[in-house]
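This report refers to the structure that appears directly beneath it.
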Amino acid sequence: SMQQTLRRSIRLSGIGLHSGLPSRTIIHPACEDSGIWFHRVIKPGVVVPSPAVLVEARWHNVVDTMLSTVLGVPGSSQACETVATVEHLLAGFQAIGIQNALVEVHGPEVPILDGSAKPWVQAMEENVEEQGRPRRYIVPTKKISVKYGQSQVTLSSPRTSSQTSLPDLEVSVEIDFGPERRLPGGLDALSVMSTRRTMSETIAAARTFCFEQDIAGIRARGKGMGGSLENTVIFRDAKPMNEGGLRFIDEPARHKALDVFGDLSLGGNLIGTCHAHQPGHWINHALLRELFRDQSNYQILR
């Protein structure tokens, strides 16, 4: 299949989940083979080492993974040289099939909107333009697995070798937060499976979530300052505090799958089967580091 970009620029504004600051994002079309780039525009009049940051959405440009995925200039200690909370927008690009775009971000992070990828998908889905060059796919040649504590993420070759089947990435997720953080319906664990082609319908609308007892600790670390019931599902005693409840009974697992798609997109158009138990941003990116550590781990197809 061919590469795709946007037909015209789109704009979405909101608040940053972790900074609590206003953010405006403009997504522009980009030429073939350019990839996804983030252009952070620093507020006019603020004296900083650089007036803007331009960073490619690639695994080797991840500089922080605490509660979100942060892209930046590797080795830089300047907070103004990063773009935070990119994972939901990246998942939206995956759902729509966008390979080339320039994302202009006015603020420290991409706006959280409703906490899911749905607003991004809705803004882009009727605004796609096919380009003249084929997509490039990354296919693992062997099983790649990373384990840390209770978390483990594994990427393996596609289930089928049929030349007629369309290439895809299949992601399955299992989550279990223990007896102190019970899941909806009092369940001990939730699981979900989605593919890149089905994620618009199955997981794009799943919102970020947390447990009420963790909020104070999150904010003590300077995170979640923009979080609210408008953009986060908050659980108290295994029940959502949000008016209207859950969008899906397994919404937390679906959102974790959404994060996996967004994070793994930093490795390119991956094809294969990914199984994730208790995934998080750090281990998602550890999987990519392990995959690209050795060129014999993967092959490139067009």
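Following the order of the structure tokens, first chain is A, next is B, and so on, with residues numbered from 1 inside each chain and ligands from 1 in the order they appear.
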Wanna dump the region 93-169 of chain A-region 241-261 of chain A contacts at 12 Å for me, each residue with its shortest atom pair and the distance in Å to one decimal, counting only C-alpha atoms, ordered by chain and number, as JSON lines?
{"residue": "A:Phe93", "atom": "CA", "partner": "A:Phe261", "partner_atom": "CA", "distance": 9.8}
{"residue": "A:Gln94", "atom": "CA", "partner": "A:Phe261", "partner_atom": "CA", "distance": 7.2}
{"residue": "A:Ala95", "atom": "CA", "partner": "A:Phe261", "partner_atom": "CA", "distance": 8.9}
{"residue": "A:Gly115", "atom": "CA", "partner": "A:His255", "partner_atom": "CA", "distance": 9.3}
{"residue": "A:Ser116", "atom": "CA", "partner": "A:His255", "partner_atom": "CA", "distance": 7.5}
{"residue": "A:Ala117", "atom": "CA", "partner": "A:Leu258", "partner_atom": "CA", "distance": 7.9}
{"residue": "A:Lys118", "atom": "CA", "partner": "A:Leu258", "partner_atom": "CA", "distance": 10.6}
{"residue": "A:Val153", "atom": "CA", "partner": "A:Val260", "partner_atom": "CA", "distance": 9.6}
{"residue": "A:Thr154", "atom": "CA", "partner": "A:Val260", "partner_atom": "CA", "distance": 11.4}
{"residue": "A:Leu155", "atom": "CA", "partner": "A:Val260", "partner_atom": "CA", "distance": 11.4}
{"residue": "A:Asp168", "atom": "CA", "partner": "A:Phe261", "partner_atom": "CA", "distance": 11.5}
{"residue": "A:Leu169", "atom": "CA", "partner": "A:Phe261", "partner_atom": "CA", "distance": 8.6}
Could you list, with a cut-off of 10 Å and counting only C-alpha atoms, the residues of region 98-210 of chain A near region 214-226 of chain A, each shown with its nearest atom pair and the distance in Å rounded to one decimal, rows sorted by chain and ascending number, as JSON lines?
{"residue": "A:Pro111", "atom": "CA", "partner": "A:Gly226", "partner_atom": "CA", "distance": 9.7}
{"residue": "A:Ile112", "atom": "CA", "partner": "A:Gly226", "partner_atom": "CA", "distance": 8.6}
{"residue": "A:Arg181", "atom": "CA", "partner": "A:Asp214", "partner_atom": "CA", "distance": 9.6}
{"residue": "A:Cys210", "atom": "CA", "partner": "A:Asp214", "partner_atom": "CA", "distance": 7.1}
Practice problem: Please provide as a ChimeraX atom specification all residues within 6 Å of region 182-198 of chain A, with the sequence filter that same-chain residues fewer than 5 positions apart are discarded (counting only C-alpha atoms). | Solution: /A:95,169-176,238-239,253
Quiz item: How would you write, as JSON, numbers by chain, the set of residues in region 17-264 of chain A that DSSP gives as alpha helix (DSSP H)?
Solution: {"A": [87, 88, 89, 90, 91, 92, 93, 94, 95, 96, 118, 119, 120, 121, 122, 123, 124, 199, 200, 201, 202, 215, 216, 217, 218, 219, 220, 251, 252, 253, 254, 255, 256, 257, 258, 259, 260, 261, 262, 263, 264]}
Quiz item: Any idea what the distance is between CA of Ser157 (chain A) and CA of Thr141 (chain A)?
Solution: 6.2 Å
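For the residues A:Arg159, A:Arg7, A:His281, A:His18, ranking by smallest atom-to-atom distance to Cys31 (chain A) using only C-alpha atoms places A:Arg7 first.
The closest residue to Gly268 (chain A), picked from A:Leu21, A:Gly92, A:Lys142, A:Asn100 and counting only C-alpha atoms, is A:Asn100.
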